[in-house]
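Below is the file my_file-v5.cif, which contains mmCIF, C-alpha atoms (C1' of nucleotides).
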```cif
data_data
loop_
_atom_site.label_atom_id
_atom_site.label_comp_id
_atom_site.auth_asym_id
_atom_site.auth_seq_id
_atom_site.Cartn_x
_atom_site.Cartn_y
_atom_site.Cartn_z
CA MET W 10 88.85 117.33 63.99
CA THR W 11 91.15 120.34 64.14
CA THR W 12 89.67 121.82 61.00
CA PRO W 13 85.96 122.37 61.78
CA ALA W 14 84.34 122.39 58.33
CA ASP W 15 86.31 119.67 56.61
CA ALA W 16 84.38 117.86 53.91
CA THR W 17 86.83 114.94 53.84
CA ASP W 18 86.27 114.21 57.49
CA SER W 19 84.87 110.74 56.98
CA PHE W 20 87.99 109.64 55.15
CA GLU W 21 90.40 110.55 57.89
CA ALA W 22 91.88 107.62 59.71
CA ASP W 23 91.27 109.15 63.10
CA ALA W 24 87.66 110.03 62.40
CA PRO W 25 86.08 106.64 61.75
CA GLY W 26 82.45 106.25 60.95
CA GLN W 27 81.58 104.31 57.79
CA GLY W 28 83.15 100.92 58.30
CA ASP W 29 82.60 100.67 62.01
CA GLU W 30 79.78 98.15 61.80
CA LEU W 31 82.09 95.80 59.97
CA VAL W 32 84.82 96.34 62.54
CA ASP W 33 82.38 95.70 65.37
CA LEU W 34 81.14 92.56 63.65
CA LEU W 35 84.66 91.26 63.22
CA VAL W 36 85.64 92.05 66.80
CA GLN W 37 82.48 90.50 68.22
CA THR W 38 82.86 87.40 66.08
CA SER W 39 86.47 87.12 67.15
CA PHE W 40 85.49 87.20 70.81
CA ASP W 41 82.95 84.46 70.13
CA VAL W 42 85.54 82.32 68.38
CA ILE W 43 88.13 82.81 71.11
CA ALA W 44 85.46 81.97 73.68
CA ILE W 45 84.90 78.66 71.92
CA VAL W 46 88.60 77.87 71.86
CA THR W 47 88.89 78.86 75.51
CA ARG W 48 85.97 76.65 76.49
CA VAL W 49 87.26 73.62 74.61
CA GLY W 50 90.65 74.15 76.24
CA ALA W 51 89.13 74.50 79.68
CA GLU W 52 87.32 71.20 79.26
CA HIS W 53 90.73 69.60 78.95
CA ASP W 54 92.28 71.72 81.66
CA MET W 55 94.23 73.74 79.17
CA SER W 56 94.66 77.49 79.01
CA LEU W 57 94.07 79.34 75.78
CA THR W 58 97.82 79.74 75.46
CA LEU W 59 98.46 76.03 75.84
CA VAL W 60 95.88 75.28 73.16
CA ARG W 61 97.63 77.73 70.87
CA MET W 62 100.98 76.15 71.65
CA LEU W 63 99.76 72.69 70.70
CA GLY W 64 98.21 74.08 67.53
CA ILE W 65 101.46 75.78 66.55
CA LEU W 66 103.68 72.77 67.29
CA ARG W 67 101.30 70.41 65.58
CA ASP W 68 102.99 70.68 62.22
CA ARG W 69 106.28 72.30 63.21
CA THR W 70 109.30 71.84 65.39
CA LEU W 71 110.45 75.06 66.99
CA LYS W 72 113.05 76.47 69.32
CA ALA W 73 111.68 78.07 72.47
CA ALA W 74 112.50 81.57 71.26
CA GLU W 75 110.65 80.92 68.02
CA LEU W 76 107.61 79.70 69.90
CA ALA W 77 107.73 82.88 71.98
CA ASP W 78 107.67 84.90 68.75
CA TYR W 79 104.70 82.92 67.43
CA LEU W 80 102.80 83.49 70.65
CA GLY W 81 103.89 87.09 71.13
CA LEU W 82 105.14 86.30 74.62
CA GLU W 83 108.41 86.72 76.51
CA ARG W 84 110.88 83.86 76.61
CA SER W 85 110.55 83.65 80.36
CA THR W 86 106.80 83.25 80.06
CA VAL W 87 107.16 80.54 77.44
CA SER W 88 109.69 78.77 79.64
CA GLY W 89 107.01 78.22 82.27
CA LEU W 90 104.46 77.29 79.64
CA ILE W 91 106.79 74.59 78.32
CA ASP W 92 107.39 73.38 81.88
CA ARG W 93 103.69 72.80 82.41
CA ALA W 94 103.20 71.23 78.98
CA GLU W 95 106.18 68.93 79.53
CA ARG W 96 104.95 67.93 82.97
CA ARG W 97 101.70 66.86 81.35
CA GLY W 98 103.50 64.86 78.70
CA PHE W 99 102.45 67.00 75.72
CA VAL W 100 105.87 68.13 74.63
CA VAL W 101 109.57 67.30 75.04
CA ARG W 102 112.64 69.49 75.10
CA GLU W 103 115.31 68.06 72.82
CA ALA W 104 118.89 69.21 72.36
CA HIS W 105 119.31 71.35 69.29
CA SER W 106 121.69 69.80 66.78
CA ALA W 107 123.40 73.01 65.72
CA ASP W 108 123.11 75.36 68.70
CA GLY W 109 123.98 74.27 72.20
CA ARG W 110 121.99 77.08 73.76
CA SER W 111 118.69 76.20 72.14
CA VAL W 112 116.11 73.59 72.94
CA GLN W 113 114.04 72.02 70.21
CA LEU W 114 110.38 71.55 71.08
CA ARG W 115 108.48 68.54 69.80
CA LEU W 116 104.98 67.28 70.51
CA THR W 117 104.78 63.81 71.98
CA ASP W 118 102.23 61.35 70.68
CA ALA W 119 99.97 62.41 73.53
CA GLY W 120 100.50 66.03 72.55
CA GLN W 121 99.67 65.28 68.94
CA ALA W 122 96.55 63.41 70.00
CA MET W 123 95.41 66.26 72.23
CA ALA W 124 96.11 68.80 69.48
CA LYS W 125 94.01 66.83 67.02
CA ARG W 126 91.24 66.27 69.51
CA GLY W 127 91.12 69.94 70.40
CA ALA W 128 91.10 71.01 66.75
CA ASP W 129 88.27 68.59 66.02
CA GLU W 130 86.21 69.78 68.95
CA ILE W 131 86.76 73.39 68.02
CA ALA W 132 85.61 72.66 64.48
CA VAL W 133 82.47 70.99 65.83
CA ARG W 134 81.66 73.91 68.15
CA MET W 135 82.17 76.38 65.37
CA ALA W 136 79.90 74.58 62.94
CA PRO W 137 76.72 76.35 64.16
CA LEU W 138 78.50 79.66 63.78
CA LEU W 139 79.64 78.79 60.26
CA GLU W 140 76.24 77.49 59.25
CA ARG W 141 74.86 80.98 59.65
CA VAL W 142 77.21 82.07 56.88
CA PRO W 143 75.47 81.85 53.50
CA PRO W 144 77.04 79.15 51.27
CA ARG W 145 77.82 81.69 48.58
CA LEU W 146 79.77 83.77 51.10
CA ARG W 147 81.45 80.70 52.50
CA GLU W 148 82.81 79.83 49.06
CA LEU W 149 84.15 83.33 48.64
CA LEU W 150 85.90 83.12 52.00
CA ALA W 151 87.67 79.95 50.94
CA ASP W 152 89.90 81.66 48.40
CA MET H 9 83.85 56.36 63.05
CA THR H 10 81.98 53.45 64.57
CA THR H 11 80.71 52.27 61.20
CA PRO H 12 83.81 51.56 59.10
CA ALA H 13 82.56 51.89 55.55
CA ASP H 14 80.22 54.83 55.97
CA ALA H 15 79.85 56.91 52.83
CA THR H 16 78.48 59.88 54.78
CA ASP H 17 81.63 60.11 56.84
CA SER H 18 82.53 63.60 55.78
CA PHE H 19 79.20 64.91 56.98
CA GLU H 20 79.54 63.61 60.48
CA ALA H 21 80.15 66.26 63.06
CA ASP H 22 82.88 64.31 64.79
CA ALA H 23 84.78 63.47 61.64
CA PRO H 24 85.85 66.90 60.37
CA GLY H 25 87.85 67.32 57.22
CA GLN H 26 86.30 69.46 54.52
CA GLY H 27 85.74 72.81 56.16
CA ASP H 28 88.79 72.81 58.36
CA GLU H 29 90.69 75.39 56.37
CA LEU H 30 87.83 77.81 56.89
CA VAL H 31 87.81 77.06 60.60
CA ASP H 32 91.56 77.58 60.80
CA LEU H 33 91.26 80.84 58.91
CA LEU H 34 88.57 82.09 61.22
CA VAL H 35 90.47 81.07 64.35
CA GLN H 36 93.72 82.61 63.14
CA THR H 37 92.00 85.83 62.12
CA SER H 38 90.29 85.96 65.49
CA PHE H 39 93.62 85.68 67.29
CA ASP H 40 94.94 88.52 65.14
CA VAL H 41 91.94 90.69 65.95
CA ILE H 42 92.13 89.99 69.67
CA ALA H 43 95.85 90.76 69.56
CA ILE H 44 95.02 94.18 68.14
CA VAL H 45 92.44 94.87 70.84
CA THR H 46 94.87 93.67 73.50
CA ARG H 47 97.63 95.91 72.18
CA VAL H 48 95.42 98.99 72.01
CA GLY H 49 94.26 98.30 75.53
CA ALA H 50 97.80 97.81 76.79
CA GLU H 51 98.80 101.18 75.38
CA HIS H 52 96.23 102.71 77.72
CA ASP H 53 97.12 100.40 80.59
CA MET H 54 93.92 98.45 80.17
CA SER H 55 93.48 94.71 80.15
CA LEU H 56 91.50 93.04 77.39
CA THR H 57 88.72 92.53 79.88
CA LEU H 58 88.59 96.20 80.81
CA VAL H 59 88.43 97.16 77.14
CA ARG H 60 85.52 94.76 76.71
CA MET H 61 83.80 96.19 79.77
CA LEU H 62 83.99 99.73 78.43
CA GLY H 63 82.74 98.55 75.05
CA ILE H 64 79.78 96.79 76.63
CA LEU H 65 78.83 99.66 78.92
CA ARG H 66 79.24 102.19 76.16
CA ASP H 67 75.63 102.00 75.07
CA ARG H 68 74.08 100.21 78.04
CA THR H 69 73.60 100.48 81.76
CA LEU H 70 73.94 97.15 83.51
CA LYS H 71 73.84 95.55 86.92
CA ALA H 72 77.06 93.86 87.99
CA ALA H 73 75.60 90.39 87.56
CA GLU H 74 74.49 91.25 84.04
CA LEU H 75 77.97 92.49 83.19
CA ALA H 76 79.35 89.21 84.51
CA ASP H 77 77.03 87.37 82.12
CA TYR H 78 78.11 89.51 79.19
CA LEU H 79 81.76 88.86 79.96
CA GLY H 80 81.32 85.22 80.88
CA LEU H 81 83.03 85.77 84.24
CA GLU H 82 82.16 85.15 87.87
CA ARG H 83 80.58 87.91 89.92
CA SER H 84 83.55 88.00 92.24
CA THR H 85 85.89 88.54 89.31
CA VAL H 86 83.74 91.34 87.95
CA SER H 87 83.62 92.91 91.40
CA GLY H 88 87.37 93.46 91.29
CA LEU H 89 87.21 94.58 87.69
CA ILE H 90 84.68 97.24 88.64
CA ASP H 91 86.89 98.27 91.57
CA ARG H 92 89.81 98.97 89.30
CA ALA H 93 87.67 100.71 86.68
CA GLU H 94 86.06 102.86 89.34
CA ARG H 95 89.41 103.75 90.87
CA ARG H 96 90.48 105.02 87.47
CA GLY H 97 87.32 107.04 87.05
CA PHE H 98 85.87 105.08 84.15
CA VAL H 99 82.69 103.88 85.82
CA VAL H 100 80.48 104.56 88.82
CA ARG H 101 78.39 102.27 90.98
CA GLU H 102 74.90 103.68 91.42
CA ALA H 103 72.12 102.43 93.66
CA HIS H 104 69.58 100.39 91.75
CA SER H 105 66.14 101.97 91.85
CA ALA H 106 64.15 98.75 92.22
CA ASP H 107 66.51 96.29 93.92
CA GLY H 108 68.46 97.21 97.00
CA ARG H 109 70.97 94.42 96.46
CA SER H 110 72.02 95.49 93.00
CA VAL H 111 74.40 98.14 91.79
CA GLN H 112 73.85 99.90 88.51
CA LEU H 113 76.99 100.48 86.47
CA ARG H 114 77.40 103.59 84.38
CA LEU H 115 80.33 104.94 82.40
CA THR H 116 81.58 108.34 83.45
CA ASP H 117 82.41 110.96 80.83
CA ALA H 118 86.02 109.85 81.12
CA GLY H 119 84.90 106.26 80.62
CA GLN H 120 82.86 107.20 77.56
CA ALA H 121 85.81 109.12 76.16
CA MET H 122 88.17 106.21 76.70
CA ALA H 123 85.66 103.78 75.17
CA LYS H 124 85.36 105.93 72.07
CA ARG H 125 89.08 106.48 71.82
CA GLY H 126 89.75 102.77 72.14
CA ALA H 127 87.13 101.89 69.54
CA ASP H 128 88.57 104.44 67.13
CA GLU H 129 92.10 103.18 67.59
CA ILE H 130 91.00 99.59 67.13
CA ALA H 131 89.25 100.54 63.90
CA VAL H 132 92.41 102.24 62.65
CA ARG H 133 94.60 99.24 63.48
CA MET H 134 92.18 96.90 61.80
CA ALA H 135 92.03 98.89 58.59
CA PRO H 136 95.05 97.14 57.04
CA LEU H 137 93.50 93.81 57.87
CA LEU H 138 90.19 94.84 56.31
CA GLU H 139 91.83 96.29 53.23
CA ARG H 140 93.00 92.82 52.32
CA VAL H 141 89.33 91.83 52.05
CA PRO H 142 88.08 92.27 48.48
CA PRO H 143 85.45 95.06 48.22
CA ARG H 144 82.88 92.65 46.82
CA LEU H 145 83.32 90.38 49.82
CA ARG H 146 83.27 93.33 52.19
CA GLU H 147 79.86 94.35 50.86
CA LEU H 148 78.54 90.86 51.35
CA LEU H 149 79.79 90.83 54.91
CA ALA H 150 77.90 94.02 55.68
CA ASP H 151 74.49 92.39 55.38
"C1'" DT O 1 129.54 91.02 73.17
"C1'" DA O 2 125.15 88.99 71.89
"C1'" DT O 3 121.77 85.32 72.26
"C1'" DT O 4 119.15 81.29 74.47
"C1'" DG O 5 117.07 79.74 78.10
"C1'" DT O 6 116.04 79.69 83.14
"C1'" DT O 7 114.98 81.49 87.69
"C1'" DA O 8 113.27 84.90 91.08
"C1'" DT O 9 109.94 88.20 91.87
"C1'" DA O 10 105.78 90.81 91.49
"C1'" DC O 11 101.34 91.99 89.53
"C1'" DT O 12 96.96 91.02 87.12
"C1'" DC O 13 93.23 88.03 86.14
"C1'" DT O 14 90.51 84.43 87.43
"C1'" DA O 15 87.73 81.02 90.25
"C1'" DT O 16 85.99 78.95 94.69
"C1'" DA O 17 84.21 79.49 99.10
"C1'" DA O 18 82.31 82.05 102.80
"C1'" DC O 19 79.96 86.04 104.09
"C1'" DT O 20 76.36 90.13 104.40
"C1'" DA O 21 72.37 92.34 102.88
"C1'" DT O 22 68.25 92.24 100.44
"C1'" DA O 23 64.38 89.87 98.10
"C1'" DT T 26 65.40 80.18 100.69
"C1'" DA T 27 67.40 82.48 96.83
"C1'" DT T 28 69.94 86.26 94.75
"C1'" DA T 29 73.41 90.38 94.42
"C1'" DG T 30 77.53 91.77 95.67
"C1'" DT T 31 81.90 91.66 98.39
"C1'" DT T 32 86.00 89.74 100.52
"C1'" DA T 33 89.66 86.28 101.35
"C1'" DT T 34 92.40 83.09 99.32
"C1'" DA T 35 94.80 80.54 95.89
"C1'" DG T 36 96.47 79.40 91.23
"C1'" DA T 37 97.66 80.50 86.44
"C1'" DG T 38 99.64 83.74 83.20
"C1'" DT T 39 102.40 87.42 82.35
"C1'" DA T 40 106.51 90.76 82.39
"C1'" DT T 41 111.04 92.57 84.18
"C1'" DA T 42 115.49 91.81 85.81
"C1'" DA T 43 119.40 89.03 86.80
"C1'" DC T 44 121.83 85.03 85.71
"C1'" DA T 45 124.54 80.91 83.39
"C1'" DA T 46 125.83 78.72 79.22
"C1'" DT T 47 126.86 79.06 74.55
"C1'" DA T 48 127.78 81.56 70.23
#
```
Just give me the structure of the file as structure tokens.
Amino acid sequence: MTTPADATDSFEADAPGQGDELVDLLVQTSFDVIAIVTRVGAEHDMSLTLVRMLGILRDRTLKAAELADYLGLERSTVSGLIDRAERRGFVVREAHSADGRSVQLRLTDAGQAMAKRGADEIAVRMAPLLERVPPRLRELLAD
Amino acid sequence: MTTPADATDSFEADAPGQGDELVDLLVQTSFDVIAIVTRVGAEHDMSLTLVRMLGILRDRTLKAAELADYLGLERSTVSGLIDRAERRGFVVREAHSADGRSVQLRLTDAGQAMAKRGADEIAVRMAPLLERVPPRLRELLAD
DNA sequence: TATTGTTATACTCTATAACTATA
DNA sequence: TATAGTTATAGAGTATAACAATA
């Protein structure tokens, strides 16, 4: 906006206009989705972060530092998160075979069960939201 | 799953299977989007909730209780949120014309400016994400 | 020296409960 | 009585900084 009569204004990255409805739609939808995940978690006394943790560890075994990367959180934060998850029997800290400093994180059977249950419930809650998507569009999305 | 040999299994709400990839995609994308909004907010020392508040009040004037409904938070929580936003000059509490108990919330010019700036920055950060969406699909989404 | 994980500390966000003022 | 908002309090989530153990 430093050059007053600039015909290419609407193509500048810092002068949005055209695609904003789509951005708004995506942001609003995202908040709705996260709200669903948060609610399902809350019904099982789990924070959004704990739900994410179970989802991530569901089909992986990770070191604590790797989990921190996945979650975008500090190691110290994840340390406490693991504490709480372990106390509830969802996860165990195992010795890492190759690195004495690391701990390997693994879901317990209870953790696996809760992860599956949560995923199922989330899918059910999201069904009404997905049903509003036209079938043709839904197929396109599944590429 | 109470009737063992049920051919309509895959259509039962509590026996998900088919559309799970789509659900996962939507959830993962939502986390990515929220991460962008969170990061943009953090760069301006704003929590995700404060960013949402500015976005909501951008084209509306609301009572505190209404804002709480929009955000899905308790009134007491929103009270503190308004405190902090007011202290930073983003919003003002005005007397409600018809109800002496209520406060009317209105963005200041600074609040409007920050709301616009945040929305613009979010749109810019989301551009790479949107560019991965095929144009044909993007048109369909904008219905 | 660098990295992994933990602990101590502090701040923000959130809810519950109790309260005041108004309806 | 019921509703709008505030305050006090407590708990969870988060980051920063300092630390011990291992690489």
Dump as JSON, numbers by chain the residues of chain T that approach chain W to within 10 Å, counting only C-alpha atoms (C1' of nucleotides). {"T": [37, 38, 39, 40, 41, 46, 47, 48]}
I need the residues from that last selection saved to file as a PDB file, in the frame of the given file (with C-alpha atoms (C1' of nucleotides)), if you can.
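File produced: again_24.pdb:
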```pdb
ATOM      1  C1'  DA T  37      97.660  80.500  86.440  1.00  0.00           C
ATOM      2  C1'  DG T  38      99.640  83.740  83.200  1.00  0.00           C
ATOM      3  C1'  DT T  39     102.400  87.420  82.350  1.00  0.00           C
ATOM      4  C1'  DA T  40     106.510  90.760  82.390  1.00  0.00           C
ATOM      5  C1'  DT T  41     111.040  92.570  84.180  1.00  0.00           C
ATOM      6  C1'  DA T  46     125.830  78.720  79.220  1.00  0.00           C
ATOM      7  C1'  DT T  47     126.860  79.060  74.550  1.00  0.00           C
ATOM      8  C1'  DA T  48     127.780  81.560  70.230  1.00  0.00           C
TER       9       DA T  48
END
```
Give me the result of the PyMOL selection byres ((chain T and resi 29) around 9) on this file, residue by residue, as a PyMOL selection string. (chain H and resi 72-73+83+108-111) or (chain O and resi 21-22) or (chain T and resi 28+30)
Contacts of T:DT31 at 9 Å or less, counting all atoms listed in the file, minus same-chain residues fewer than 6 places along, as an mmCIF file with C-alpha atoms (C1' of nucleotides), keeping the file's coordinate frame?
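Output saved as selection-v8.cif:
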```cif
data_model
loop_
_atom_site.group_PDB
_atom_site.id
_atom_site.type_symbol
_atom_site.label_atom_id
_atom_site.label_comp_id
_atom_site.auth_asym_id
_atom_site.auth_seq_id
_atom_site.Cartn_x
_atom_site.Cartn_y
_atom_site.Cartn_z
ATOM 1 C CA SER H 84 83.550 88.000 92.240
ATOM 2 C CA SER H 87 83.620 92.910 91.400
ATOM 3 C "C1'" DC O 19 79.960 86.040 104.090
ATOM 4 C "C1'" DT O 20 76.360 90.130 104.400
#
```
Residue nearest chain O - candidates H:Arg101, H:Lys124, H:Glu147, H:Asp53, atoms counted: all atoms listed in the file: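 That would be H:Asp53, the residue with the smallest distance to chain O.
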Go through chain O and flag each residue having an atom no more than 8 Å from chain W; for those, report the closest pair of atoms plus their distance in Å to one decimal, using only C-alpha atoms (C1' of nucleotides), ordered by chain and rising number, as JSON lines.
```
{"residue": "O:DT4", "atom": "C1'", "partner": "W:Arg110", "partner_atom": "CA", "distance": 5.1}
{"residue": "O:DG5", "atom": "C1'", "partner": "W:Arg110", "partner_atom": "CA", "distance": 7.1}
{"residue": "O:DT6", "atom": "C1'", "partner": "W:Ser88", "partner_atom": "CA", "distance": 7.3}
```
Each chain W residue no farther than 9 Å from chain H, nearest pair in Å, only C-alpha atoms, as a Markdown table:
```
| residue | atom | partner | partner_atom | distance |
| --- | --- | --- | --- | --- |
| W:Ala22 | CA | H:Val132 | CA | 6.2 |
| W:Asp23 | CA | H:Asp128 | CA | 6.8 |
| W:Ala24 | CA | H:Asp128 | CA | 7.4 |
| W:Pro25 | CA | H:Asp128 | CA | 6.3 |
| W:Gly26 | CA | H:Asp128 | CA | 8.9 |
| W:Gly28 | CA | H:Ala131 | CA | 8.3 |
| W:Asp29 | CA | H:Ala131 | CA | 6.9 |
| W:Glu30 | CA | H:Ala150 | CA | 7.6 |
| W:Leu31 | CA | H:Ala150 | CA | 6.3 |
| W:Val32 | CA | H:Ala131 | CA | 6.3 |
| W:Asp33 | CA | H:Ala131 | CA | 8.5 |
| W:Leu34 | CA | H:Ala150 | CA | 8.7 |
| W:Leu35 | CA | H:Val41 | CA | 7.8 |
| W:Val36 | CA | H:Val41 | CA | 6.5 |
| W:Thr38 | CA | H:Ser38 | CA | 7.6 |
| W:Ser39 | CA | H:Ser38 | CA | 4.3 |
| W:Phe40 | CA | H:Ser38 | CA | 7.3 |
| W:Asp41 | CA | H:Ser38 | CA | 8.8 |
| W:Val42 | CA | H:Val35 | CA | 6.5 |
| W:Ile43 | CA | H:Ser38 | CA | 6.8 |
| W:Ala44 | CA | H:Gly80 | CA | 8.9 |
| W:Val46 | CA | H:Val35 | CA | 8.4 |
| W:Gly81 | CA | H:Ala43 | CA | 9.0 |
| W:Ala128 | CA | H:Asp32 | CA | 8.9 |
| W:Asp129 | CA | H:Pro24 | CA | 6.4 |
| W:Glu130 | CA | H:Asp22 | CA | 7.6 |
| W:Ile131 | CA | H:Val31 | CA | 8.3 |
| W:Ala132 | CA | H:Val31 | CA | 6.3 |
| W:Val133 | CA | H:Ala21 | CA | 6.0 |
| W:Met135 | CA | H:Val31 | CA | 7.4 |
| W:Ala136 | CA | H:Ala21 | CA | 8.3 |
| W:Leu139 | CA | H:Val31 | CA | 8.4 |
| W:Leu146 | CA | H:Leu148 | CA | 7.2 |
| W:Arg147 | CA | H:Leu30 | CA | 8.3 |
| W:Leu149 | CA | H:Leu145 | CA | 7.2 |
| W:Leu150 | CA | H:Leu30 | CA | 7.5 |
| W:Ala151 | CA | H:Leu30 | CA | 6.3 |
```
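The gap separating atom CA of H:Ala118 from atom CA of H:Gly63 is 13.2 Å, in Å to one decimal.
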Using all atoms listed in the file, find the one residue out of H:Leu79, H:Gly119, H:Leu58, H:Arg140 that sits nearest to O:DT12.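 For O:DT12, the nearest of the candidates is H:Leu58.
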d(atom C1' of T:DA45, atom C1' of O:DT7) in Å: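 Between atom C1' of T:DA45 and atom C1' of O:DT7 the gap is 10.5 Å.
Every residue that the PyMOL selection byres ((chain T and resi 35) around 10) selects in this file is listed here: O:DA15, O:DT16, T:DA33, T:DT34, T:DG36, T:DA37.
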Please write the residues picked by the PyMOL selection byres ((chain H and resi 114) around 8) on this file as a list of chain:residue names.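 When the PyMOL selection byres ((chain H and resi 114) around 8) is applied to the shown file, the picked residues are H:Leu65, H:Arg68, H:Thr69, H:Leu70, H:Val99, H:Val100, H:Arg101, H:Glu102, H:Gln112, H:Leu113, H:Leu115, H:Thr116.
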Find, counting all atoms listed in the file, the residue in O:DA18, O:DA8, O:DC13, O:DT1 that gets nearest to T:DA42. O:DA8
Gap from atom CA of H:Val59 to atom CA of H:Ala93 - Å, one decimal: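 Those two atoms sit 10.2 Å apart.
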Output, as lines of an AutoDock Vina configuration file, the centre and edge lengths in Å (one decimal) of the axis-aligned box that contains all listed atoms of stretch 85-102 of chain W with 5 Å of margin on each side.
```
center_x = 107.2
center_y = 74.3
center_z = 78.8
size_x = 20.9
size_y = 28.8
size_z = 18.3
```
